[in-house]
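J.: One structure coming up, written as structure tokens, with questions to follow.
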Amino acid sequence: MISELDDLYQQVIIDHSKKPRNFRELAGADCKAEGYNPLCGDRVTVFVKLDNSTLKDVSFTGSGCAICTSSASLMTESLKGKTRQQADAIFHGVHDLVTGKSDAEAAAATLGKLAVFSGVRRFPIRVKCATLPWHTLNAALEQRRDVVSTE
Ligand code: ZN
């Protein structure tokens with residue numbers, strides 16, 4: 001489905017899926033959680049280092065499809081230095097974007113690079129690939145121990 005996305009967005013997604021940023025375990029992470037999307041087979045573990053309520057560092061490991069990996073990569077990149085409250089707002093922005101609840105162009109203005117996932121709304125089965133890293137991040141911040149599943 002990647003080839004059907006807009007060219008510019010497609011390039012960013014391919015770049016991040018081939019060379020994921022912050023793809024490592026985080027030594028001394030304050031929280032971590034695992035996520036699984038059985039529909040696609042995506043697995044992701046998200047690590048967070050907190051400084052009070054600021055996300056000082058965010059990283060991930062795992063194996064997933066191009067959408068899941070690039071989503072996790074762009075997520076970690078966009079959340080560093082953000083507060084939990086800001087992270088939550090960004091998550092809702094991404095969620096509304098990929099589920100088609102928000103206008104793609106307006107979302108692009110507030111979400112920056114994360115807007116590359118706007119094309120995902122045309123592929124409902126891929127929405128879970130894009131949102132799995134975010135749900136897993138939430139679980140990590142809430143210190144949940146169970147594996148997050150999209151099903
Ligand atoms: Zn996937």
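Every chain in the structure tokens has a letter given in the order shown (A, B, ...), and although residue numbers restart at 1 in each chain, ligands are simply numbered from 1 in the order shown.
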I'd like the contact shell of Ala130 in chain A - 9 Å cut-off, only C-alpha atoms, skipping same-chain residues fewer than 3 positions apart - returned as a ChimeraX atom specification.
T.: /A:67-72,94-95,98,117,120,126-127,133-134
J.: Given a cut-off of 7 Å, what residues near ligand 1 show up using only C-alpha atoms and all ligand atoms, put as a list in words?
T.: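 So the residues close to ligand 1 are Cys40, Gly41, Asp42, Gly64, Cys65, Ala66, Ile67, Cys68, Arg126 and Cys129 of chain A.
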J.: How many Å lie between CA of Ser59 in chain A and CA of Ala107 in chain A, rounded to one decimal?
T.: 24.2 Å
J.: Give me, as a PyMOL selection string, the residues of range 2-143 of chain A that a backbone DSSP run labels strand (DSSP E or B).
T.: chain A and resi 23+31-37+42-51+54-63+83
J.: Hey, what's within 12 Å of range 16-24 of chain A if we count only C-alpha atoms and toss same-chain stuff fewer than 4 positions away? As an MDAnalysis selection string, please?
T.: chainID A and resid 2 9:12 29 44:48 57:80 113:114 116 130
J.: Apply DSSP to the structure's backbone, then extract all residues of chain A labelled helix (DSSP H, G or I) and return them as JSON, numbers by chain.
T.: {"A": [2, 3, 4, 7, 8, 9, 10, 11, 12, 13, 14, 15, 16, 17, 18, 66, 67, 68, 69, 70, 71, 72, 73, 74, 75, 76, 77, 78, 79, 84, 85, 86, 87, 88, 89, 90, 91, 92, 93, 94, 95, 96, 97, 98, 104, 105, 106, 107, 108, 109, 110, 111, 112, 113, 114, 115, 116, 117, 118, 119, 120, 121, 122, 124, 125, 126, 127, 128, 129, 130, 131, 132, 133, 134, 135, 136, 137, 138, 139, 140, 141]}
J.: Which of these residues is nearest to Ile13 in chain A, using only C-alpha atoms: A:Ala139, A:Ala115, A:Lys32, A:Ala89?
T.: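 Between A:Ala139, A:Ala115, A:Lys32, A:Ala89, the residue approaching Ile13 in chain A most closely is A:Ala115.
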J.: Fewer than 4 positions away in the same chain doesn't count, so skip those; otherwise give me all residues within 12 Å of Asp146 in chain A, counting only C-alpha atoms, as number ranges by chain.
T.: A: 32-36, 45, 136, 139-140, 142
J.: Taking only C-alpha atoms into account, which of A:Lys82, A:Gly119, A:Gly112, A:Val148 comes nearest Gly100 in chain A?
T.: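 Nearest candidate to Gly100 in chain A out of A:Lys82, A:Gly119, A:Gly112, A:Val148: A:Gly119.
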J.: Which residues are close to Thr83 in chain A, i.e. within 10 Å by only C-alpha atoms, leaving aside same-chain residues fewer than 3 positions away? Reply as a ChimeraX atom specification.
T.: /A:50-56,79-80,86-89
J.: From the options A:Ala108, A:Leu137, A:Ser118, A:Ile14, which residue's atoms come nearest to Lys49 in chain A, counting only C-alpha atoms?
T.: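 So, comparing all the options, the nearest one is A:Leu137.
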J.: Report, in Å to a single decimal, how far apart CA of Ile125 in chain A and CA of Ser102 in chain A are.
T.: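 The value is 18.2 Å.
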